[in-house]
Amino acid sequence: MKSALVIASVLLAGVAFEVTARNVYYDNQNQRENNDQWARFQQGDSSEESAEPNFNEFQNNNKFSNVQSNYESESTFADRSRQNNQNDETYFGFNQESSQQQQRTSQNQFAAVGQPEGLTKVMVEKIAAIQKIAVEQNIADSADFLDAAVTVNQNSVKFPKHNYVSFFNSTMKNLDNGDLEYMYLNPEKDAVFAQYQFNEIKTVGSFKSNIAHAHSGYYTIVMNNVLSNLSTGFYDDKHAVIKAAKFQYADANIKTHDGSETQVFSPALEQKYLGVLANAVSNEVMKSANKGALVHIKNEIRRPIEINVARKFTNKLFDLRWQEDQVTMEMTNIGFKNSEELKQATEHLLSSVTFERKSQDSYRMRYDFAINNLEWTSALNVMTASKRMTTDPIKFTIEKLNIKVYVDKSVHNQQQQQSNGKAYTKVEVRSLHYNLKHVQSELVSILENNLQRFMELSFGSYLQDSLVQELINSNRQY
């Protein structure tokens with residue numbers, strides 16, 4: 001046993017060197033492909049909370065660190081009973097008493113706010129559909145569909161003086177015990193990015209060589225704390241980048257046919273064979289791009305968005321209804337000038353979907369939407385502590401709405417049922433334009449100071465409540 005431990009400790013230094021050298025080699029080999037792919041990411045949304053991973057984060061195996069963990073509402077609907085500054089996250093599910101209470105509260109708010117319609121309805125239905133896939137396909141354990149035993153091709157390593165060792169009849173085990181750490185899908189940028197983590201991956205097999213006292217035998221190699229990245233296109237694998245998996249250290253136990261342990265093949269492991277095994281892991285992970293929850297979510301993202309343009313108020317996105325301190329604003333039919341503008345808004349509506357593991361028993365899904373070129377005309381009601389004022393109809397335009405929706409899920413009990421969670425949203429209005437030429441002077445400063453923020457908070461809360469109700473309805477189905 002002491003001999004086996006010596007072999008392991010001797011190999012550790014070599015393994016660390018081998019992994020570093022191999023990663024440098026593959027970094028150089030694939031630098032052009034990596035630069036091309038990640039340059040496309042950086043041309044997109046420059047928001048400080050963009051879900052897009054950058055290449056340095058990818059290389060350093062960091063999880064997304066730019067997703068906020070707490071969201072506090074500064075405001076509330078004028079017709080809500082909820083107090084200001086409460087934590088703005090709403091639970092859905094049926095396992096906890098608090099969730100049931102939040103469900104009843106949400107239903108009461110819906111009676112006042114109204115059911116979602118038009119593009120808002122499309123958004124919540126799309127999120128709910130992907131959430132259902134995540135639950136039914138058990139995305140938290142999506143490495144389960146990887147093969148439990150993978151055959152590793154025979155591989156030979158040459159030594160000085162015409163010596164060699166050949167590893168054959170090799171089987172890699174435990175790939176199905178890995179965890180998806182995070183996943184990012186962006187159809188517009190034709191990108192899929194994911195990382196799997198494995199506590200240990202064991203490979204067993206036989207060897208033969210022409211080295212004295214070690215002509216044949218068998219071996220066991222265990223790679224510990226393995227990380228394997230998947231980087232490919234959303235629509236095909238033309239831009240795939242396959243890089244050797246990274247691992248923290250490896251233990252090796254090599255025995256000759258008579259049962260004695262040997263360290264004579266340590267250089268072969270350090271120089272080549274551990275790299276062969278690391279590549280075998282990444283090749284298997286690459287196959288996951290067309291398996292399990294990932295492919296089902298891609299299909300749902302690709303599914304065309306259809307809106308019944310004949311419906312009443314189809315062009316409307318939401319109604320502004322928000323109160324902060326002593327100021328309340330109301331405005332109806334914020335949305336699109338006509339049905340054609342609405343149709344164009346659906347073409348690239350869902351920008352990206354992100355999975356992030358928060359712990360062994362919980363994860364977060366993030367949905368990024370972008371809505372361009374809103375234009376509508378509406379009167380605006382403003383109420384202050386002293387009076388109520390109504391403007392004449394004003395033309396409003398918004399160049400872009402960036403919408404981020406977060407859904408947290410927890411995994412409970414031995415059946416791994418994903419049964420409760422919470423959802424929250426964040427909306428960013430970019431380039432809001434309107435003409436206040438004929439608006440009462442006492443209203444101008446109120447609108448300039450509050451209108452954009454009120455729109456962001458009002459739509460975010462409306463979308464959140466609509467989503468939670470949709471998720472509650474979906475939960476009843478599973």
# chains A, B, ... in the order shown; residues from 1 in each chain; ligands from 1
>>> residues_around(residues="A:Gln326", least_positions_apart="4", cutoff="10 Å", atoms="only C-alpha atoms", output="MDAnalysis selection string")
chainID A and resid 383:386
>>> select_by_dssp(residues="stretch 257-431 of chain A", states="alpha helix (DSSP H)", output="PyMOL selection string")
chain A and resi 266-268+274-287+292-302+339-345
>>> closest_atom_pairs(of="stretch 112-190 of chain A", to="stretch 358-373 of chain A", cutoff="10 Å", atoms="only C-alpha atoms", output="tab-separated table")
residue	atom	partner	partner_atom	distance
A:Leu119	CA	A:Ile371	CA	9.5
A:Met123	CA	A:Phe369	CA	8.3
A:Lys126	CA	A:Tyr367	CA	9.7
A:Ile127	CA	A:Tyr367	CA	7.4
A:Ile130	CA	A:Met365	CA	9.5
A:Gln131	CA	A:Met365	CA	8.1
A:Ala134	CA	A:Met365	CA	9.0
A:Ile139	CA	A:Tyr363	CA	9.4
A:Ala140	CA	A:Tyr363	CA	7.2
A:Asp141	CA	A:Gln360	CA	9.8
A:Asp179	CA	A:Gln360	CA	8.6
A:Leu180	CA	A:Tyr363	CA	10.0
A:Glu181	CA	A:Lys358	CA	8.5
A:Tyr182	CA	A:Tyr363	CA	9.1
A:Met183	CA	A:Met365	CA	9.3
A:Tyr184	CA	A:Arg366	CA	9.3
A:Leu185	CA	A:Tyr367	CA	9.9
A:Asn186	CA	A:Asp368	CA	9.5
>>> atom_distance(atom1="atom CA of A:Met331", atom2="atom CA of A:Glu470")
24.7 Å
>>> residues_around(residues="A:Asn138", least_positions_apart="4", cutoff="12 Å", atoms="only C-alpha atoms", output="short mmCIF file (atom, residue, chain, number, x, y, z; two decimals) with N, CA, C and O atoms, in the first residue's frame")
data_model
loop_
_atom_site.label_atom_id
_atom_site.label_comp_id
_atom_site.auth_asym_id
_atom_site.auth_seq_id
_atom_site.Cartn_x
_atom_site.Cartn_y
_atom_site.Cartn_z
N ILE A 130 -39.51 26.32 -20.96
CA ILE A 130 -38.13 25.90 -20.74
C ILE A 130 -37.94 25.41 -19.31
O ILE A 130 -37.22 24.43 -19.06
N GLN A 131 -38.60 26.06 -18.36
CA GLN A 131 -38.53 25.58 -16.97
C GLN A 131 -39.08 24.17 -16.85
O GLN A 131 -38.54 23.34 -16.11
N LYS A 132 -40.14 23.89 -17.57
CA LYS A 132 -40.72 22.55 -17.53
C LYS A 132 -39.73 21.53 -18.07
O LYS A 132 -39.59 20.43 -17.51
N ILE A 133 -39.02 21.88 -19.14
CA ILE A 133 -37.99 20.99 -19.68
C ILE A 133 -36.90 20.77 -18.64
O ILE A 133 -36.44 19.65 -18.41
N ALA A 134 -36.47 21.85 -17.99
CA ALA A 134 -35.41 21.75 -16.99
C ALA A 134 -35.80 20.80 -15.86
O ALA A 134 -34.97 20.03 -15.36
N SER A 142 -27.92 16.61 -15.25
CA SER A 142 -27.95 16.29 -16.67
C SER A 142 -26.76 15.47 -17.14
O SER A 142 -26.74 14.99 -18.27
N ALA A 143 -25.73 15.30 -16.29
CA ALA A 143 -24.63 14.42 -16.67
C ALA A 143 -25.04 12.95 -16.61
O ALA A 143 -24.29 12.09 -17.05
N ASP A 144 -26.23 12.67 -16.09
CA ASP A 144 -26.69 11.29 -15.99
C ASP A 144 -26.75 10.61 -17.36
O ASP A 144 -26.63 9.39 -17.45
N PHE A 145 -27.00 11.40 -18.41
CA PHE A 145 -27.13 10.76 -19.73
C PHE A 145 -25.77 10.43 -20.35
O PHE A 145 -25.72 9.77 -21.38
N ASP A 179 -21.74 16.73 -12.56
CA ASP A 179 -22.74 17.79 -12.37
C ASP A 179 -22.54 18.87 -13.42
O ASP A 179 -21.40 19.25 -13.74
N LEU A 180 -23.64 19.36 -13.96
CA LEU A 180 -23.59 20.56 -14.80
C LEU A 180 -23.41 21.76 -13.88
O LEU A 180 -24.24 22.01 -13.01
N GLY A 292 -29.97 15.02 -23.99
CA GLY A 292 -30.57 15.46 -22.74
C GLY A 292 -31.25 16.80 -22.78
O GLY A 292 -31.74 17.27 -23.80
N ALA A 293 -31.25 17.46 -21.61
CA ALA A 293 -31.96 18.72 -21.44
C ALA A 293 -31.46 19.80 -22.38
O ALA A 293 -32.24 20.62 -22.87
N LEU A 294 -30.16 19.80 -22.67
CA LEU A 294 -29.59 20.87 -23.48
C LEU A 294 -30.23 20.91 -24.86
O LEU A 294 -30.62 21.98 -25.34
N HIS A 296 -33.12 19.65 -25.79
CA HIS A 296 -34.55 19.98 -25.70
C HIS A 296 -34.76 21.48 -25.49
O HIS A 296 -35.70 22.07 -26.04
N ILE A 297 -33.89 22.10 -24.69
CA ILE A 297 -34.00 23.54 -24.49
C ILE A 297 -33.66 24.29 -25.77
O ILE A 297 -34.31 25.28 -26.13
N ASP A 361 -27.87 21.36 -4.24
CA ASP A 361 -29.31 21.15 -4.24
C ASP A 361 -30.10 22.32 -4.80
O ASP A 361 -31.32 22.38 -4.63
N SER A 362 -29.46 23.25 -5.47
CA SER A 362 -30.22 24.37 -6.02
C SER A 362 -29.50 24.94 -7.23
O SER A 362 -28.29 24.79 -7.38
N TYR A 363 -30.28 25.58 -8.10
CA TYR A 363 -29.71 26.20 -9.29
C TYR A 363 -30.55 27.38 -9.71
O TYR A 363 -31.67 27.58 -9.22
N LYS A 409 -34.47 27.38 -8.45
CA LYS A 409 -35.13 26.12 -8.13
C LYS A 409 -34.31 25.37 -7.10
O LYS A 409 -33.09 25.43 -7.08
N SER A 410 -35.02 24.64 -6.24
CA SER A 410 -34.39 23.78 -5.25
C SER A 410 -34.77 22.34 -5.50
O SER A 410 -35.88 22.06 -5.97
N VAL A 411 -33.85 21.43 -5.19
CA VAL A 411 -34.10 20.01 -5.36
C VAL A 411 -34.28 19.42 -3.97
O VAL A 411 -33.44 19.59 -3.10
N GLN A 415 -36.24 11.50 -4.18
CA GLN A 415 -36.63 11.38 -5.58
C GLN A 415 -36.11 12.56 -6.42
O GLN A 415 -36.35 12.62 -7.62
N GLN A 416 -35.38 13.50 -5.78
CA GLN A 416 -34.79 14.63 -6.50
C GLN A 416 -35.85 15.46 -7.23
O GLN A 416 -35.63 15.97 -8.31
N GLN A 417 -37.03 15.57 -6.62
CA GLN A 417 -38.08 16.36 -7.25
C GLN A 417 -37.77 17.85 -7.10
O GLN A 417 -37.48 18.32 -6.01
N GLN A 418 -37.82 18.55 -8.20
CA GLN A 418 -37.59 19.98 -8.18
C GLN A 418 -38.94 20.66 -7.99
O GLN A 418 -39.72 20.75 -8.93
N SER A 419 -39.21 21.12 -6.79
CA SER A 419 -40.60 21.38 -6.46
C SER A 419 -40.89 22.80 -6.00
O SER A 419 -42.04 23.19 -5.97
#
>>> select_by_dssp(residues="stretch 306-386 of chain A", states="strand (DSSP E or B)", output="PyMOL selection string")
chain A and resi 316-324+327-335+350-359+362-378+381-383
>>> write_last_selection(atoms="C-alpha atoms", output="PDB file, in the first residue's frame")
ATOM      1  CA  LYS A 316     -49.818  46.352 -25.781  1.00  0.00           C
ATOM      2  CA  LEU A 317     -46.878  45.266 -23.655  1.00  0.00           C
ATOM      3  CA  PHE A 318     -48.108  46.532 -20.268  1.00  0.00           C
ATOM      4  CA  ASP A 319     -49.866  49.316 -18.404  1.00  0.00           C
ATOM      5  CA  LEU A 320     -47.806  51.628 -16.219  1.00  0.00           C
ATOM      6  CA  ARG A 321     -49.135  51.633 -12.670  1.00  0.00           C
ATOM      7  CA  TRP A 322     -46.611  52.480  -9.984  1.00  0.00           C
ATOM      8  CA  GLN A 323     -46.344  54.399  -6.727  1.00  0.00           C
ATOM      9  CA  GLU A 324     -43.242  55.642  -4.980  1.00  0.00           C
ATOM     10  CA  VAL A 327     -46.003  60.042  -6.457  1.00  0.00           C
ATOM     11  CA  THR A 328     -48.198  57.679  -8.466  1.00  0.00           C
ATOM     12  CA  MET A 329     -48.179  57.286 -12.247  1.00  0.00           C
ATOM     13  CA  GLU A 330     -50.615  55.513 -14.538  1.00  0.00           C
ATOM     14  CA  MET A 331     -50.472  55.103 -18.316  1.00  0.00           C
ATOM     15  CA  THR A 332     -52.220  52.549 -20.492  1.00  0.00           C
ATOM     16  CA  ASN A 333     -51.233  50.598 -23.578  1.00  0.00           C
ATOM     17  CA  ILE A 334     -47.449  50.904 -23.512  1.00  0.00           C
ATOM     18  CA  GLY A 335     -46.342  48.874 -26.472  1.00  0.00           C
ATOM     19  CA  LEU A 350     -35.175  35.645 -26.321  1.00  0.00           C
ATOM     20  CA  SER A 351     -31.492  36.569 -26.376  1.00  0.00           C
ATOM     21  CA  SER A 352     -30.029  33.896 -24.123  1.00  0.00           C
ATOM     22  CA  VAL A 353     -30.699  31.248 -21.485  1.00  0.00           C
ATOM     23  CA  THR A 354     -28.270  30.566 -18.649  1.00  0.00           C
ATOM     24  CA  PHE A 355     -28.100  27.773 -16.057  1.00  0.00           C
ATOM     25  CA  GLU A 356     -25.988  28.361 -12.944  1.00  0.00           C
ATOM     26  CA  ARG A 357     -25.589  25.846 -10.130  1.00  0.00           C
ATOM     27  CA  LYS A 358     -25.824  27.630  -6.793  1.00  0.00           C
ATOM     28  CA  SER A 359     -25.274  24.569  -4.592  1.00  0.00           C
ATOM     29  CA  SER A 362     -30.222  24.372  -6.018  1.00  0.00           C
ATOM     30  CA  TYR A 363     -29.709  26.197  -9.288  1.00  0.00           C
ATOM     31  CA  ARG A 364     -30.696  29.359 -11.127  1.00  0.00           C
ATOM     32  CA  MET A 365     -32.071  29.815 -14.628  1.00  0.00           C
ATOM     33  CA  ARG A 366     -31.676  33.218 -16.242  1.00  0.00           C
ATOM     34  CA  TYR A 367     -33.565  34.433 -19.316  1.00  0.00           C
ATOM     35  CA  ASP A 368     -32.451  37.517 -21.218  1.00  0.00           C
ATOM     36  CA  PHE A 369     -34.954  39.211 -23.528  1.00  0.00           C
ATOM     37  CA  ALA A 370     -34.529  42.239 -25.754  1.00  0.00           C
ATOM     38  CA  ILE A 371     -37.429  44.273 -27.155  1.00  0.00           C
ATOM     39  CA  ASN A 372     -36.621  46.950 -29.714  1.00  0.00           C
ATOM     40  CA  ASN A 373     -38.408  50.036 -31.013  1.00  0.00           C
ATOM     41  CA  LEU A 374     -41.509  50.510 -28.892  1.00  0.00           C
ATOM     42  CA  GLU A 375     -43.740  53.398 -29.921  1.00  0.00           C
ATOM     43  CA  TRP A 376     -47.118  54.403 -28.539  1.00  0.00           C
ATOM     44  CA  THR A 377     -49.265  57.426 -27.765  1.00  0.00           C
ATOM     45  CA  SER A 378     -51.044  57.749 -24.449  1.00  0.00           C
ATOM     46  CA  ASN A 381     -52.049  60.355 -15.058  1.00  0.00           C
ATOM     47  CA  VAL A 382     -49.891  61.647 -12.216  1.00  0.00           C
ATOM     48  CA  MET A 383     -51.035  61.798  -8.611  1.00  0.00           C
TER      49      MET A 383
END
>>> decode(residues="stretch 429-442 of chain A", atoms="all heavy atoms", output="PDB file, in the first residue's frame")
ATOM      1  N   VAL A 429     -34.646  50.229 -19.312  1.00  0.00           N
ATOM      2  CA  VAL A 429     -35.133  51.026 -20.437  1.00  0.00           C
ATOM      3  C   VAL A 429     -33.977  51.823 -21.006  1.00  0.00           C
ATOM      4  O   VAL A 429     -33.300  52.565 -20.278  1.00  0.00           O
ATOM      5  CB  VAL A 429     -36.256  51.988 -19.994  1.00  0.00           C
ATOM      6  CG1 VAL A 429     -36.622  52.937 -21.141  1.00  0.00           C
ATOM      7  CG2 VAL A 429     -37.482  51.209 -19.549  1.00  0.00           C
ATOM      8  N   ARG A 430     -33.744  51.642 -22.306  1.00  0.00           N
ATOM      9  CA  ARG A 430     -32.681  52.395 -22.965  1.00  0.00           C
ATOM     10  C   ARG A 430     -33.299  53.375 -23.970  1.00  0.00           C
ATOM     11  O   ARG A 430     -34.103  52.987 -24.794  1.00  0.00           O
ATOM     12  CB  ARG A 430     -31.722  51.460 -23.699  1.00  0.00           C
ATOM     13  CG  ARG A 430     -30.820  50.647 -22.782  1.00  0.00           C
ATOM     14  CD  ARG A 430     -29.741  49.936 -23.567  1.00  0.00           C
ATOM     15  NE  ARG A 430     -28.838  49.230 -22.690  1.00  0.00           N
ATOM     16  CZ  ARG A 430     -27.770  48.539 -23.116  1.00  0.00           C
ATOM     17  NH1 ARG A 430     -27.507  48.489 -24.410  1.00  0.00           N
ATOM     18  NH2 ARG A 430     -26.993  47.927 -22.266  1.00  0.00           N
ATOM     19  N   SER A 431     -32.907  54.631 -23.831  1.00  0.00           N
ATOM     20  CA  SER A 431     -33.303  55.685 -24.781  1.00  0.00           C
ATOM     21  C   SER A 431     -34.823  55.858 -24.825  1.00  0.00           C
ATOM     22  O   SER A 431     -35.485  55.579 -25.820  1.00  0.00           O
ATOM     23  CB  SER A 431     -32.760  55.382 -26.180  1.00  0.00           C
ATOM     24  OG  SER A 431     -31.355  55.321 -26.174  1.00  0.00           O
ATOM     25  N   LEU A 432     -35.370  56.350 -23.707  1.00  0.00           N
ATOM     26  CA  LEU A 432     -36.781  56.731 -23.649  1.00  0.00           C
ATOM     27  C   LEU A 432     -36.909  58.180 -24.138  1.00  0.00           C
ATOM     28  O   LEU A 432     -36.228  59.083 -23.650  1.00  0.00           O
ATOM     29  CB  LEU A 432     -37.298  56.617 -22.213  1.00  0.00           C
ATOM     30  CG  LEU A 432     -38.672  57.214 -21.925  1.00  0.00           C
ATOM     31  CD1 LEU A 432     -39.760  56.464 -22.693  1.00  0.00           C
ATOM     32  CD2 LEU A 432     -38.953  57.204 -20.420  1.00  0.00           C
ATOM     33  N   HIS A 433     -37.787  58.410 -25.120  1.00  0.00           N
ATOM     34  CA  HIS A 433     -37.963  59.748 -25.683  1.00  0.00           C
ATOM     35  C   HIS A 433     -39.433  60.154 -25.623  1.00  0.00           C
ATOM     36  O   HIS A 433     -40.330  59.332 -25.870  1.00  0.00           O
ATOM     37  CB  HIS A 433     -37.486  59.785 -27.139  1.00  0.00           C
ATOM     38  CG  HIS A 433     -36.033  59.468 -27.308  1.00  0.00           C
ATOM     39  ND1 HIS A 433     -35.025  60.332 -26.922  1.00  0.00           N
ATOM     40  CD2 HIS A 433     -35.417  58.359 -27.813  1.00  0.00           C
ATOM     41  CE1 HIS A 433     -33.844  59.791 -27.186  1.00  0.00           C
ATOM     42  NE2 HIS A 433     -34.055  58.590 -27.734  1.00  0.00           N
ATOM     43  N   TYR A 434     -39.678  61.432 -25.321  1.00  0.00           N
ATOM     44  CA  TYR A 434     -41.027  61.996 -25.311  1.00  0.00           C
ATOM     45  C   TYR A 434     -40.899  63.514 -25.336  1.00  0.00           C
ATOM     46  O   TYR A 434     -39.839  64.078 -25.051  1.00  0.00           O
ATOM     47  CB  TYR A 434     -41.805  61.537 -24.070  1.00  0.00           C
ATOM     48  CG  TYR A 434     -41.052  61.683 -22.772  1.00  0.00           C
ATOM     49  CD1 TYR A 434     -41.059  62.876 -22.056  1.00  0.00           C
ATOM     50  CD2 TYR A 434     -40.322  60.614 -22.261  1.00  0.00           C
ATOM     51  CE1 TYR A 434     -40.363  63.007 -20.871  1.00  0.00           C
ATOM     52  CE2 TYR A 434     -39.623  60.723 -21.083  1.00  0.00           C
ATOM     53  CZ  TYR A 434     -39.645  61.917 -20.387  1.00  0.00           C
ATOM     54  OH  TYR A 434     -38.926  62.052 -19.219  1.00  0.00           O
ATOM     55  N   ASN A 435     -41.987  64.168 -25.680  1.00  0.00           N
ATOM     56  CA  ASN A 435     -41.999  65.627 -25.806  1.00  0.00           C
ATOM     57  C   ASN A 435     -42.893  66.207 -24.721  1.00  0.00           C
ATOM     58  O   ASN A 435     -44.103  65.936 -24.687  1.00  0.00           O
ATOM     59  CB  ASN A 435     -42.517  66.028 -27.195  1.00  0.00           C
ATOM     60  CG  ASN A 435     -42.344  67.510 -27.465  1.00  0.00           C
ATOM     61  OD1 ASN A 435     -42.223  68.322 -26.550  1.00  0.00           O
ATOM     62  ND2 ASN A 435     -42.329  67.875 -28.742  1.00  0.00           N
ATOM     63  N   LEU A 436     -42.306  67.012 -23.847  1.00  0.00           N
ATOM     64  CA  LEU A 436     -43.050  67.603 -22.728  1.00  0.00           C
ATOM     65  C   LEU A 436     -43.394  69.070 -22.989  1.00  0.00           C
ATOM     66  O   LEU A 436     -43.686  69.825 -22.065  1.00  0.00           O
ATOM     67  CB  LEU A 436     -42.228  67.495 -21.437  1.00  0.00           C
ATOM     68  CG  LEU A 436     -41.845  66.080 -21.007  1.00  0.00           C
ATOM     69  CD1 LEU A 436     -41.058  66.136 -19.696  1.00  0.00           C
ATOM     70  CD2 LEU A 436     -43.084  65.204 -20.838  1.00  0.00           C
ATOM     71  N   LYS A 437     -43.424  69.443 -24.262  1.00  0.00           N
ATOM     72  CA  LYS A 437     -43.642  70.856 -24.607  1.00  0.00           C
ATOM     73  C   LYS A 437     -44.962  71.384 -24.070  1.00  0.00           C
ATOM     74  O   LYS A 437     -45.041  72.527 -23.602  1.00  0.00           O
ATOM     75  CB  LYS A 437     -43.571  71.021 -26.130  1.00  0.00           C
ATOM     76  CG  LYS A 437     -43.721  72.458 -26.608  1.00  0.00           C
ATOM     77  CD  LYS A 437     -43.555  72.545 -28.113  1.00  0.00           C
ATOM     78  CE  LYS A 437     -43.691  73.973 -28.602  1.00  0.00           C
ATOM     79  NZ  LYS A 437     -43.543  74.081 -30.072  1.00  0.00           N
ATOM     80  N   HIS A 438     -46.012  70.582 -24.131  1.00  0.00           N
ATOM     81  CA  HIS A 438     -47.330  71.063 -23.707  1.00  0.00           C
ATOM     82  C   HIS A 438     -47.742  70.480 -22.355  1.00  0.00           C
ATOM     83  O   HIS A 438     -48.926  70.496 -22.010  1.00  0.00           O
ATOM     84  CB  HIS A 438     -48.373  70.686 -24.760  1.00  0.00           C
ATOM     85  CG  HIS A 438     -48.092  71.295 -26.109  1.00  0.00           C
ATOM     86  ND1 HIS A 438     -48.157  72.650 -26.350  1.00  0.00           N
ATOM     87  CD2 HIS A 438     -47.731  70.704 -27.287  1.00  0.00           C
ATOM     88  CE1 HIS A 438     -47.853  72.889 -27.620  1.00  0.00           C
ATOM     89  NE2 HIS A 438     -47.591  71.732 -28.206  1.00  0.00           N
ATOM     90  N   VAL A 439     -46.810  69.996 -21.599  1.00  0.00           N
ATOM     91  CA  VAL A 439     -47.097  69.427 -20.277  1.00  0.00           C
ATOM     92  C   VAL A 439     -46.944  70.516 -19.221  1.00  0.00           C
ATOM     93  O   VAL A 439     -46.068  71.378 -19.312  1.00  0.00           O
ATOM     94  CB  VAL A 439     -46.148  68.254 -19.983  1.00  0.00           C
ATOM     95  CG1 VAL A 439     -46.323  67.748 -18.560  1.00  0.00           C
ATOM     96  CG2 VAL A 439     -46.385  67.136 -20.982  1.00  0.00           C
ATOM     97  N   GLN A 440     -47.836  70.464 -18.206  1.00  0.00           N
ATOM     98  CA  GLN A 440     -47.771  71.454 -17.136  1.00  0.00           C
ATOM     99  C   GLN A 440     -46.366  71.510 -16.556  1.00  0.00           C
ATOM    100  O   GLN A 440     -45.716  70.489 -16.342  1.00  0.00           O
ATOM    101  CB  GLN A 440     -48.755  71.096 -16.013  1.00  0.00           C
ATOM    102  CG  GLN A 440     -50.201  70.996 -16.465  1.00  0.00           C
ATOM    103  CD  GLN A 440     -50.613  69.577 -16.785  1.00  0.00           C
ATOM    104  OE1 GLN A 440     -49.939  68.898 -17.554  1.00  0.00           O
ATOM    105  NE2 GLN A 440     -51.725  69.138 -16.203  1.00  0.00           N
ATOM    106  N   SER A 441     -45.908  72.701 -16.275  1.00  0.00           N
ATOM    107  CA  SER A 441     -44.531  72.889 -15.807  1.00  0.00           C
ATOM    108  C   SER A 441     -44.260  72.134 -14.509  1.00  0.00           C
ATOM    109  O   SER A 441     -43.159  71.627 -14.299  1.00  0.00           O
ATOM    110  CB  SER A 441     -44.245  74.382 -15.612  1.00  0.00           C
ATOM    111  OG  SER A 441     -45.176  74.951 -14.701  1.00  0.00           O
ATOM    112  N   GLU A 442     -45.247  72.059 -13.646  1.00  0.00           N
ATOM    113  CA  GLU A 442     -45.021  71.361 -12.369  1.00  0.00           C
ATOM    114  C   GLU A 442     -44.877  69.852 -12.551  1.00  0.00           C
ATOM    115  O   GLU A 442     -44.393  69.163 -11.652  1.00  0.00           O
ATOM    116  CB  GLU A 442     -46.172  71.657 -11.411  1.00  0.00           C
ATOM    117  CG  GLU A 442     -47.533  71.295 -11.981  1.00  0.00           C
ATOM    118  CD  GLU A 442     -48.655  71.791 -11.097  1.00  0.00           C
ATOM    119  OE1 GLU A 442     -48.645  71.465  -9.893  1.00  0.00           O
ATOM    120  OE2 GLU A 442     -49.517  72.526 -11.605  1.00  0.00           O
TER     121      GLU A 442
END
